[in-house]
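Asker: Here you go, model.txt (compact mmCIF, C-alpha atoms):
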# COMPACT_ATOMS: atom_id res chain seq x y z
CA MET A 1 0.00 0.00 0.00
CA ASP A 2 1.13 3.58 -0.70
CA PRO A 3 2.09 5.60 2.39
CA PRO A 4 -0.94 7.78 3.28
CA SER A 5 1.05 10.93 2.51
CA ALA A 6 2.42 9.76 -0.85
CA ARG A 7 1.80 12.51 -3.39
CA SER A 8 2.05 12.32 -7.14
CA LEU A 9 5.48 13.02 -8.60
CA THR A 10 3.71 15.31 -11.09
CA GLY A 11 3.02 17.79 -8.30
CA VAL A 12 6.57 18.19 -7.02
CA VAL A 13 7.88 20.92 -9.32
CA PRO A 14 4.59 22.88 -9.49
CA GLN A 15 4.50 22.89 -5.69
CA ILE A 16 8.13 24.02 -5.49
CA LEU A 17 7.33 26.86 -7.88
CA ALA A 18 4.35 27.78 -5.71
CA SER A 19 6.64 27.89 -2.68
CA LEU A 20 8.91 30.36 -4.49
CA GLU A 21 5.86 32.60 -4.83
CA GLY A 22 4.83 32.20 -1.20
CA ARG A 23 1.73 30.12 -1.90
CA GLY A 24 2.88 26.51 -1.67
CA ASP A 25 0.82 23.79 -0.01
CA TRP A 26 3.52 21.12 0.23
CA PHE A 27 6.64 23.12 1.08
CA PRO A 28 7.43 26.31 3.03
CA SER A 29 8.32 29.50 1.20
CA ALA A 30 11.85 29.79 -0.17
CA ARG A 31 13.84 32.31 -2.18
CA SER A 32 15.14 29.70 -4.63
CA ALA A 33 15.04 25.94 -4.90
CA VAL A 34 16.95 22.82 -5.95
CA VAL A 35 15.31 19.62 -7.21
CA LEU A 36 17.83 16.82 -6.70
CA VAL A 37 16.74 13.67 -8.58
CA VAL A 38 18.55 10.45 -7.68
CA ASP A 39 17.68 7.99 -10.42
CA GLY A 40 16.54 4.63 -9.06
CA LEU A 41 16.34 5.54 -5.36
CA GLY A 42 13.07 3.99 -4.24
CA ARG A 43 11.83 4.73 -0.74
CA ALA A 44 11.86 1.02 0.13
CA ASN A 45 15.40 0.68 -1.24
CA LEU A 46 16.51 3.65 0.86
CA THR A 47 14.94 2.45 4.10
CA ALA A 48 16.22 -1.10 3.62
CA ARG A 49 19.81 0.22 3.38
CA ALA A 50 19.32 2.91 6.03
CA GLY A 51 22.72 2.24 7.58
CA TYR A 52 24.37 3.59 4.44
CA ALA A 53 22.20 6.73 4.34
CA ARG A 54 22.04 7.95 7.91
CA PHE A 55 21.57 11.60 7.00
CA LEU A 56 18.70 11.01 4.59
CA THR A 57 16.87 8.47 6.73
CA ALA A 58 17.17 10.76 9.76
CA ARG A 59 15.61 13.58 7.73
CA MET A 60 12.87 11.48 6.11
CA THR A 61 9.54 11.34 7.93
CA LYS A 62 6.53 9.17 7.11
CA ARG A 63 5.06 11.99 5.03
CA ASP A 64 8.17 12.32 2.87
CA ALA A 65 7.05 10.09 0.01
CA ALA A 66 5.84 10.52 -3.54
CA ARG A 67 4.20 8.13 -5.97
CA THR A 68 5.81 8.03 -9.38
CA VAL A 69 3.85 7.48 -12.58
CA PHE A 70 3.22 4.33 -14.59
CA PRO A 71 5.24 2.86 -16.16
CA SER A 72 7.79 3.48 -13.40
CA THR A 73 10.70 4.14 -15.71
CA THR A 74 13.07 7.04 -16.21
CA ALA A 75 11.86 8.53 -19.49
CA VAL A 76 8.23 8.50 -18.37
CA ALA A 77 8.83 9.69 -14.81
CA LEU A 78 11.22 12.51 -15.65
CA ALA A 79 8.82 13.72 -18.32
CA SER A 80 6.04 13.82 -15.72
CA LEU A 81 8.25 15.51 -13.13
CA LEU A 82 9.43 18.21 -15.54
CA THR A 83 6.08 18.91 -17.21
CA GLY A 84 3.76 18.37 -14.25
CA GLU A 85 1.63 16.16 -16.52
CA MET A 86 0.69 12.48 -16.54
CA PRO A 87 2.09 10.24 -19.32
CA GLY A 88 -1.20 10.23 -21.21
CA ARG A 89 -0.76 13.97 -21.73
CA HIS A 90 2.97 14.39 -22.38
CA GLY A 91 3.11 11.27 -24.54
CA LEU A 92 6.09 9.34 -23.19
CA VAL A 93 4.27 6.18 -22.13
CA GLY A 94 7.07 3.62 -21.88
CA TYR A 95 10.72 2.80 -22.39
CA ARG A 96 10.19 1.50 -25.93
CA VAL A 97 6.96 2.64 -27.57
CA ARG A 98 5.60 2.15 -31.07
CA ILE A 99 5.14 5.15 -33.32
CA PRO A 100 1.49 4.71 -34.38
CA GLY A 101 1.10 3.50 -37.95
CA THR A 102 4.69 2.23 -38.17
CA ALA A 103 6.73 -0.81 -37.19
CA LEU A 104 9.13 1.39 -35.19
CA ALA A 105 9.28 1.25 -31.40
CA PRO A 106 12.01 3.73 -30.40
CA ASN A 107 13.77 3.93 -27.10
CA GLN A 108 12.30 7.01 -25.37
CA LEU A 109 15.64 7.98 -23.84
CA LYS A 110 17.82 7.59 -26.95
CA GLY A 111 15.43 7.35 -29.90
CA TRP A 112 15.53 11.10 -30.48
CA GLU A 113 18.92 10.65 -32.11
CA THR A 114 18.55 7.14 -33.58
CA ASP A 115 14.93 7.12 -34.72
CA GLY A 116 14.26 10.77 -35.46
CA LEU A 117 11.82 11.56 -32.67
CA ASP A 118 11.17 15.30 -32.66
CA PRO A 119 11.72 16.66 -29.12
CA LEU A 120 9.42 19.59 -29.86
CA THR A 121 6.44 17.47 -30.89
CA TRP A 122 6.76 13.86 -29.68
CA GLN A 123 6.85 15.14 -26.09
CA ARG A 124 3.59 17.06 -26.18
CA SER A 125 3.57 19.23 -23.04
CA VAL A 126 5.35 22.53 -22.37
CA PRO A 127 8.33 21.84 -20.07
CA LEU A 128 8.09 23.73 -16.80
CA LEU A 129 11.67 24.93 -17.14
CA GLU A 130 10.88 26.47 -20.53
CA ARG A 131 7.72 28.12 -19.23
CA GLU A 132 9.42 29.54 -16.15
CA SER A 133 12.47 30.72 -18.04
CA ALA A 134 10.27 32.54 -20.57
CA ALA A 135 8.56 34.27 -17.65
CA GLY A 136 11.91 35.54 -16.38
CA ARG A 137 12.85 32.95 -13.74
CA PRO A 138 16.51 31.83 -13.67
CA CYS A 139 16.43 28.10 -14.51
CA PHE A 140 19.37 25.72 -14.52
CA VAL A 141 20.07 22.04 -15.18
CA VAL A 142 23.14 20.51 -13.54
CA SER A 143 23.92 17.08 -14.91
CA GLN A 144 26.60 14.96 -16.54
CA SER A 145 28.01 16.69 -19.61
CA ARG A 146 27.09 13.75 -21.86
CA TYR A 147 23.43 14.77 -21.63
CA ALA A 148 23.99 18.25 -23.02
CA GLY A 149 22.39 18.72 -26.43
CA THR A 150 20.54 15.37 -26.50
CA GLY A 151 17.00 15.08 -27.78
CA PHE A 152 15.74 13.98 -24.39
CA THR A 153 17.27 17.07 -22.78
CA ALA A 154 15.68 19.28 -25.44
CA ALA A 155 12.32 17.59 -24.97
CA LEU A 156 12.16 18.22 -21.22
CA GLN A 157 14.78 20.73 -20.13
CA ARG A 158 14.84 23.35 -22.86
CA GLY A 159 14.78 26.90 -21.63
CA ALA A 160 17.21 26.17 -18.79
CA GLU A 161 20.93 26.84 -18.82
CA PHE A 162 22.73 23.48 -18.90
CA ILE A 163 25.80 23.05 -16.69
CA GLY A 164 27.89 19.90 -16.93
CA ALA A 165 29.55 18.46 -13.83
CA ALA A 166 31.29 15.10 -13.63
CA SER A 167 30.89 13.95 -10.01
CA ILE A 168 27.89 13.86 -7.69
CA SER A 169 29.64 16.17 -5.23
CA GLU A 170 30.47 18.67 -7.97
CA ARG A 171 26.87 18.66 -9.21
CA VAL A 172 25.56 19.35 -5.72
CA GLU A 173 28.11 22.10 -5.16
CA ARG A 174 27.18 23.79 -8.44
CA ALA A 175 23.46 23.46 -7.75
CA ALA A 176 23.80 25.04 -4.31
CA ASP A 177 25.89 27.88 -5.69
CA LEU A 178 23.37 28.64 -8.43
CA ALA A 179 20.46 28.62 -5.99
CA LEU A 180 22.27 31.01 -3.64
CA ARG A 181 23.48 33.40 -6.34
CA HIS A 182 20.21 33.68 -8.28
CA PRO A 183 17.16 34.72 -6.24
CA GLY A 184 14.03 32.98 -7.47
CA ALA A 185 16.04 30.31 -9.28
CA LEU A 186 14.86 26.78 -10.01
CA VAL A 187 17.78 24.35 -10.23
CA TYR A 188 17.33 20.76 -11.45
CA ALA A 189 20.23 18.44 -10.55
CA TYR A 190 20.40 14.86 -11.78
CA VAL A 191 22.24 11.85 -10.32
CA PRO A 192 22.13 8.74 -12.58
CA GLU A 193 24.94 6.79 -10.91
CA LEU A 194 22.88 4.78 -8.43
CA ASP A 195 20.55 3.48 -11.15
CA THR A 196 23.53 2.46 -13.28
CA ILE A 197 24.99 0.46 -10.40
CA ALA A 198 21.63 -1.18 -9.70
CA HIS A 199 21.24 -2.36 -13.29
CA ALA A 200 24.72 -3.89 -13.29
CA ARG A 201 25.03 -5.21 -9.73
CA GLY A 202 21.60 -4.96 -8.08
CA TRP A 203 20.47 -2.64 -5.31
CA GLU A 204 21.37 -5.22 -2.67
CA SER A 205 25.02 -5.22 -3.75
CA ASP A 206 27.98 -3.72 -1.87
CA GLU A 207 28.57 -1.42 -4.83
CA TRP A 208 25.06 0.03 -4.56
CA ALA A 209 25.49 0.56 -0.82
CA ALA A 210 28.72 2.46 -1.47
CA GLY A 211 26.93 4.56 -4.09
CA LEU A 212 24.16 5.31 -1.62
CA GLU A 213 26.75 6.51 0.89
CA ARG A 214 28.04 8.98 -1.71
CA VAL A 215 24.51 10.22 -2.39
CA ASP A 216 23.88 10.57 1.34
CA GLY A 217 27.02 12.64 1.78
CA ALA A 218 26.10 14.85 -1.16
CA ALA A 219 22.62 15.45 0.28
CA ARG A 220 24.15 16.43 3.60
CA ASP A 221 26.53 18.82 1.83
CA LEU A 222 23.64 20.39 -0.10
CA ASP A 223 21.64 20.90 3.08
CA THR A 224 24.64 22.54 4.78
CA ALA A 225 25.48 24.74 1.80
CA ILE A 226 22.04 26.24 1.32
CA GLY A 227 21.02 26.44 4.96
CA SER A 228 17.87 28.53 5.30
CA HIS A 229 18.70 30.58 2.19
CA ALA A 230 17.16 28.14 -0.34
CA GLY A 231 14.95 25.08 -0.33
CA ALA A 232 15.76 21.67 -1.77
CA ILE A 233 13.93 18.42 -2.40
CA LEU A 234 15.61 15.06 -2.93
CA THR A 235 13.41 12.67 -4.87
CA ALA A 236 13.63 9.94 -7.52
CA ASP A 237 11.98 8.69 -10.68
CA HIS A 238 11.42 5.07 -9.56
CA GLY A 239 12.62 2.34 -7.23
CA ILE A 240 14.41 -0.91 -8.03
CA VAL A 241 13.58 -4.62 -7.87
CA ASP A 242 16.42 -7.11 -8.20
CA VAL A 243 15.64 -9.97 -10.60
CA PRO A 244 18.14 -12.85 -10.61
CA ARG A 245 18.83 -14.56 -13.90
CA GLN A 246 16.86 -17.66 -12.91
CA ARG A 247 13.76 -15.47 -12.63
CA GLN A 248 14.01 -14.25 -16.21
CA ILE A 249 11.29 -15.43 -18.59
CA LEU A 250 12.71 -15.82 -22.09
CA LEU A 251 10.32 -15.52 -25.03
CA ARG A 252 11.39 -17.60 -28.02
CA ASP A 253 10.12 -18.67 -31.42
CA GLY A 254 7.26 -21.12 -31.03
CA ASP A 255 6.25 -19.77 -27.63
CA PRO A 256 2.45 -19.24 -27.62
CA LEU A 257 3.02 -15.96 -25.79
CA VAL A 258 4.57 -14.37 -28.88
CA ASP A 259 1.95 -15.71 -31.28
CA GLY A 260 0.02 -12.78 -32.72
CA VAL A 261 2.46 -10.21 -31.32
CA SER A 262 4.12 -8.03 -33.95
CA ILE A 263 6.22 -5.82 -31.62
CA ILE A 264 7.37 -6.28 -28.02
CA GLY A 265 7.93 -2.84 -26.54
CA GLY A 266 8.22 -1.45 -23.06
CA GLU A 267 10.87 -3.10 -20.90
CA PRO A 268 11.36 -6.40 -19.02
CA ARG A 269 9.05 -5.59 -16.08
CA MET A 270 6.43 -3.72 -18.09
CA LEU A 271 5.80 -4.95 -21.60
CA HIS A 272 3.87 -3.08 -24.26
CA LEU A 273 2.65 -5.83 -26.61
CA TYR A 274 1.54 -4.61 -30.02
CA ALA A 275 -0.69 -7.26 -31.56
CA ASP A 276 -1.28 -8.21 -35.17
CA ASP A 277 -4.49 -6.70 -36.54
CA GLY A 278 -7.53 -8.21 -34.89
CA ARG A 279 -5.60 -10.37 -32.44
CA ALA A 280 -5.31 -8.16 -29.34
CA ALA A 281 -8.07 -9.98 -27.42
CA GLU A 282 -6.59 -13.42 -27.96
CA VAL A 283 -3.10 -12.18 -27.05
CA ALA A 284 -4.46 -10.71 -23.80
CA GLU A 285 -6.32 -13.93 -22.97
CA ARG A 286 -3.29 -16.09 -23.66
CA TRP A 287 -1.06 -13.95 -21.43
CA ARG A 288 -3.62 -13.89 -18.62
CA ASP A 289 -3.93 -17.66 -18.70
CA ALA A 290 -0.17 -18.14 -18.54
CA GLU A 291 1.08 -15.22 -16.43
CA ALA A 292 -1.70 -13.91 -14.17
CA SER A 293 -0.12 -15.50 -11.11
CA ARG A 294 2.98 -13.30 -11.40
CA SER A 295 1.96 -10.32 -13.54
CA TRP A 296 -0.93 -7.94 -14.11
CA VAL A 297 -2.19 -8.35 -17.68
CA MET A 298 -4.38 -5.57 -19.10
CA SER A 299 -5.74 -4.47 -22.43
CA ARG A 300 -5.01 -0.93 -23.53
CA GLU A 301 -8.61 0.00 -22.86
CA GLN A 302 -8.50 -1.42 -19.33
CA ALA A 303 -5.32 0.47 -18.50
CA VAL A 304 -6.70 3.73 -19.87
CA ASP A 305 -10.04 3.29 -18.09
CA ALA A 306 -8.21 2.58 -14.83
CA GLY A 307 -6.43 5.92 -15.15
CA LEU A 308 -2.95 4.41 -15.20
CA PHE A 309 -1.80 6.98 -17.76
CA GLY A 310 -3.81 9.83 -16.23
CA ALA A 311 -7.43 10.88 -16.06
CA SER A 312 -7.77 12.17 -19.62
CA PRO A 313 -5.13 10.84 -22.02
CA ASP A 314 -4.63 12.76 -25.25
CA PRO A 315 -6.35 10.87 -28.11
CA GLU A 316 -3.11 11.14 -30.11
CA VAL A 317 -1.16 9.49 -27.30
CA VAL A 318 -3.48 6.52 -26.68
CA PRO A 319 -2.36 4.59 -29.84
CA ARG A 320 1.22 4.67 -28.54
CA ILE A 321 0.18 2.38 -25.68
CA GLY A 322 0.49 -1.35 -26.30
CA ASP A 323 -2.61 -3.35 -27.21
CA VAL A 324 -1.76 -5.51 -24.18
CA LEU A 325 0.26 -4.49 -21.11
CA VAL A 326 2.09 -6.98 -18.89
CA ALA A 327 3.27 -5.53 -15.57
CA ALA A 328 5.27 -7.87 -13.34
CA ARG A 329 4.13 -8.14 -9.73
CA SER A 330 6.61 -10.77 -8.56
CA ALA A 331 10.38 -10.63 -9.05
CA VAL A 332 10.37 -11.64 -12.72
CA ALA A 333 11.42 -10.01 -15.97
CA TYR A 334 10.46 -10.84 -19.55
CA TYR A 335 12.99 -10.83 -22.39
CA ASP A 336 12.55 -11.37 -26.10
CA ASP A 337 15.25 -13.99 -26.56
CA ARG A 338 14.92 -13.73 -30.33
CA GLU A 339 16.84 -10.44 -30.14
CA ALA A 340 20.49 -10.76 -31.21
CA ASP A 341 21.71 -8.49 -28.44
CA LYS A 342 21.72 -10.49 -25.19
CA LYS A 343 23.44 -7.82 -23.09
CA PRO A 344 20.18 -6.55 -21.53
CA GLN A 345 19.75 -10.00 -19.99
CA ASN A 346 22.74 -9.21 -17.75
CA MET A 347 20.72 -6.59 -15.87
CA ILE A 348 19.92 -7.34 -12.24
CA GLY A 349 18.18 -4.20 -10.98
CA GLN A 350 14.90 -3.60 -12.83
CA HIS A 351 11.84 -1.35 -12.71
CA GLY A 352 8.80 -0.26 -14.68
CA SER A 353 5.90 -2.01 -13.00
CA LEU A 354 3.19 -1.16 -10.46
CA THR A 355 4.68 -2.52 -7.23
CA ASP A 356 5.22 -0.16 -4.31
CA GLN A 357 8.94 -0.88 -4.40
CA GLU A 358 9.07 0.55 -7.93
CA ARG A 359 6.51 3.35 -7.53
CA ILE A 360 7.06 4.92 -4.10
CA VAL A 361 10.02 7.31 -3.98
CA PRO A 362 11.41 9.59 -1.27
CA LEU A 363 10.53 13.26 -1.02
CA VAL A 364 13.13 14.49 1.45
CA ARG A 365 13.08 18.18 2.39
CA LEU A 366 16.37 20.03 2.76
CA GLY A 367 17.45 23.59 3.50
CA ALA A 368 14.57 26.03 3.88
CA PHE A 369 12.10 23.23 3.07
CA GLY A 370 13.28 21.12 6.02
Once more with this new file: its structure as structure tokens, please.

Answerer:
Amino acid sequence: MDPPSARSLTGVVPQILASLEGRGDWFPSARSAVVLVVDGLGRANLTARAGYARFLTARMTKRDAARTVFPSTTAVALASLLTGEMPGRHGLVGYRVRIPGTALAPNQLKGWETDGLDPLTWQRSVPLLERESAAGRPCFVVSQSRYAGTGFTAALQRGAEFIGAASISERVERAADLALRHPGALVYAYVPELDTIAHARGWESDEWAAGLERVDGAARDLDTAIGSHAGAILTADHGIVDVPRQRQILLRDGDPLVDGVSIIGGEPRMLHLYADDGRAAEVAERWRDAEASRSWVMSREQAVDAGLFGASPDPEVVPRIGDVLVAARSAVAYYDDREADKKPQNMIGQHGSLTDQERIVPLVRLGAFG
């Protein structure tokens, strides 16, 4: 069950902006603010490794939680965080999603460069950083330099001044400095390292614990640097579930589960299945019969009606959603073993589904927000 105080990730930045104008409901007033996003830091992951994050866990109360969007994956969640909109409105509805009317299912993080996604149109909502910058607010993005100039950055972070910084500590130092030097500023700082470790080693690994210690130290440094002069929120896009190799479900030629499926999109814990014409119902039935004990299986219509992509999805976005959705509820992951590239099968840490471990993230208040 979600913590009673868990709020939607879509409200975080709008509420921070409201606090800068002295009218916030979630956070106290502040002169400027930092949004520190630690990719892959679920609330359950954080509390389970509390000994490696003593500063953060000491600062985190029961109310300090947010509920990320569905699917619980980086492209979707960061789009929701930085637009304040649900996936059914901004249009990024999965990790790999079919372009309606085509056989293409681009990666929503990297497909801007490889598959020609237009960052000005495929992502359909006005980024909050662009809106605020146009209104005169100083807006900054502090991230790894490799993200500068990418399509994903343009889709969600345009309008802000991009500042590259290699280490977590350097990013936090730069973010604090910007917030202190620019009254009214909104600073977005991004930490992808913990998610990278989780994919390679798992969140229960020693390497992940060491990474969490670095994040904890950086959060403490940010809190000290800004004091009462600026507010900061540490949050995340999703949590992590470790899936050992023996829990992988490999889909191969001749498997009834791939019969009638033209494209397998999404990601291992949240599949978008695009069915051959007229076969969506039988695909859904076959998957329910085989996988209902360990996954939620839904038709597109059921998922939309349940509000999983938001209350009123854009009609142009709905066809991007798979005909059938398969969201893992136990520690399993589905792979299309017909793919030549087997490297993704080396991943341990996974996310994307509806479980609390993947969807509930921390919302820790620092500085003037504390």

Asker: Check the smallest atom-to-atom distance from each of A:Ser72, A:Ser19, A:Ser143, A:Thr196 to Ile360 (chain A) using only C-alpha atoms, then report the winner.

Answerer: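 For Ile360 (chain A), the nearest of the given residues is A:Ser72.
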
Asker: As number ranges by chain, please: the residues near Thr224 (chain A) (cut-off 10 Å, only C-alpha atoms, same-chain neighbours under 6 positions excluded).

Answerer: A: 176, 218, 366-367

Asker: For the residues in the current selection, export C-alpha atoms as a PDB file, in the frame of the given file.

Answerer:
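Saved to selection_10.pdb:
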ATOM      1  CA  ALA A 176      23.800  25.040  -4.310  1.00  0.00           C
ATOM      2  CA  ALA A 218      26.100  14.850  -1.160  1.00  0.00           C
ATOM      3  CA  LEU A 366      16.370  20.030   2.760  1.00  0.00           C
ATOM      4  CA  GLY A 367      17.450  23.590   3.500  1.00  0.00           C
TER       5      GLY A 367
END

Asker: With distances taken over only C-alpha atoms, which residue among A:Gly42, A:Gly11, A:Pro106, A:Gly116 lies nearest Arg359 (chain A)?

Answerer: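 For Arg359 (chain A), the nearest of the given residues is A:Gly42.
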
Asker: One number please: CA of Asp337 (chain A) to CA of Leu251 (chain A), in Å, one decimal.

Answerer: 5.4 Å

Asker: From the set A:Ala281, A:Ile249, A:Leu273, A:Val317, which residue has the shortest atom-to-atom contact distance to Leu92 (chain A), counting only C-alpha atoms?

Answerer: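 Checking each of A:Ala281, A:Ile249, A:Leu273, A:Val317 against Leu92 (chain A), counting only C-alpha atoms, the winner is A:Val317.
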
Asker: Would you kindly return, as a list in words, each protein, DNA or RNA residue with an atom no farther than 10 Å from any atom of Ser293 (chain A), considering only C-alpha atoms and excluding same-chain residues fewer than 6 positions away?

Answerer: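 That gives Ala328, Arg329 and Ser330 of chain A.
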
Asker: Go through A:Thr121, A:Ser299, A:Ser29, A:Ser80 and flag the residue nearest Arg67 (chain A), using only C-alpha atoms for the distances.

Answerer: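 For Arg67 (chain A), the nearest of the candidates is A:Ser80.
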
Asker: Work out how far CA of Glu193 (chain A) is from CA of Gly227 (chain A), in Å to one decimal.

Answerer: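 Straight-line distance from CA of Gly227 (chain A) to CA of Glu193 (chain A) works out to 25.6 Å.
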
Asker: When you draw a straight line from CA of Gly84 (chain A) to CA of Arg171 (chain A), how long is it in Å?

Answerer: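 Atom-to-atom, CA of Gly84 (chain A) to CA of Arg171 (chain A), that is 23.7 Å.
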
Asker: Can you list, as a ChimeraX atom specification, every protein, DNA or RNA residue that comes within 8 Å of region 30-35 of chain A when you count all atoms listed in the file, leaving out same-chain residues fewer than 6 positions away?

Answerer: /A:13,16,19-20,22,175-176,179-180,182-189,229-235,368-369

Asker: Just checking: using only C-alpha atoms, which residue out of A:Trp112, A:Gly88, A:Asp118, A:Ala209 ends up closest to Ile197 (chain A)?

Answerer: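 Closest candidate: A:Ala209.
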
Asker: Determine, counting all atoms listed in the file, which protein, DNA and RNA residues have an atom within 9 Å of an atom of Arg201 (chain A); residues of the same chain fewer than 3 positions away are not included. Present the result as a PDB file with C-alpha atoms, in the coordinates of the input.

Answerer:
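Result file follows (part_29.pdb):
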ATOM      1  CA  THR A 196      23.530   2.460 -13.280  1.00  0.00           C
ATOM      2  CA  ILE A 197      24.990   0.460 -10.400  1.00  0.00           C
ATOM      3  CA  ALA A 198      21.630  -1.180  -9.700  1.00  0.00           C
ATOM      4  CA  GLU A 204      21.370  -5.220  -2.670  1.00  0.00           C
ATOM      5  CA  SER A 205      25.020  -5.220  -3.750  1.00  0.00           C
ATOM      6  CA  ASP A 206      27.980  -3.720  -1.870  1.00  0.00           C
ATOM      7  CA  GLU A 207      28.570  -1.420  -4.830  1.00  0.00           C
ATOM      8  CA  TRP A 208      25.060   0.030  -4.560  1.00  0.00           C
ATOM      9  CA  ASP A 242      16.420  -7.110  -8.200  1.00  0.00           C
ATOM     10  CA  MET A 347      20.720  -6.590 -15.870  1.00  0.00           C
ATOM     11  CA  ILE A 348      19.920  -7.340 -12.240  1.00  0.00           C
ATOM     12  CA  GLY A 349      18.180  -4.200 -10.980  1.00  0.00           C
TER      13      GLY A 349
END

Asker: Would you kindly return, as a compact mmCIF listing (two decimals) with C-alpha atoms, in the frame of the given file, each protein, DNA or RNA residue with an atom no farther than 8 Å from any atom of region 310-312 of chain A, considering all atoms listed in the file and excluding same-chain residues fewer than 2 positions away?

Answerer:
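Okay, this is what ended up in result-v5.txt:
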# COMPACT_ATOMS: atom_id res chain seq x y z
CA MET A 86 0.69 12.48 -16.54
CA PRO A 87 2.09 10.24 -19.32
CA GLY A 88 -1.20 10.23 -21.21
CA ARG A 89 -0.76 13.97 -21.73
CA VAL A 304 -6.70 3.73 -19.87
CA GLY A 307 -6.43 5.92 -15.15
CA LEU A 308 -2.95 4.41 -15.20
CA ASP A 314 -4.63 12.76 -25.25
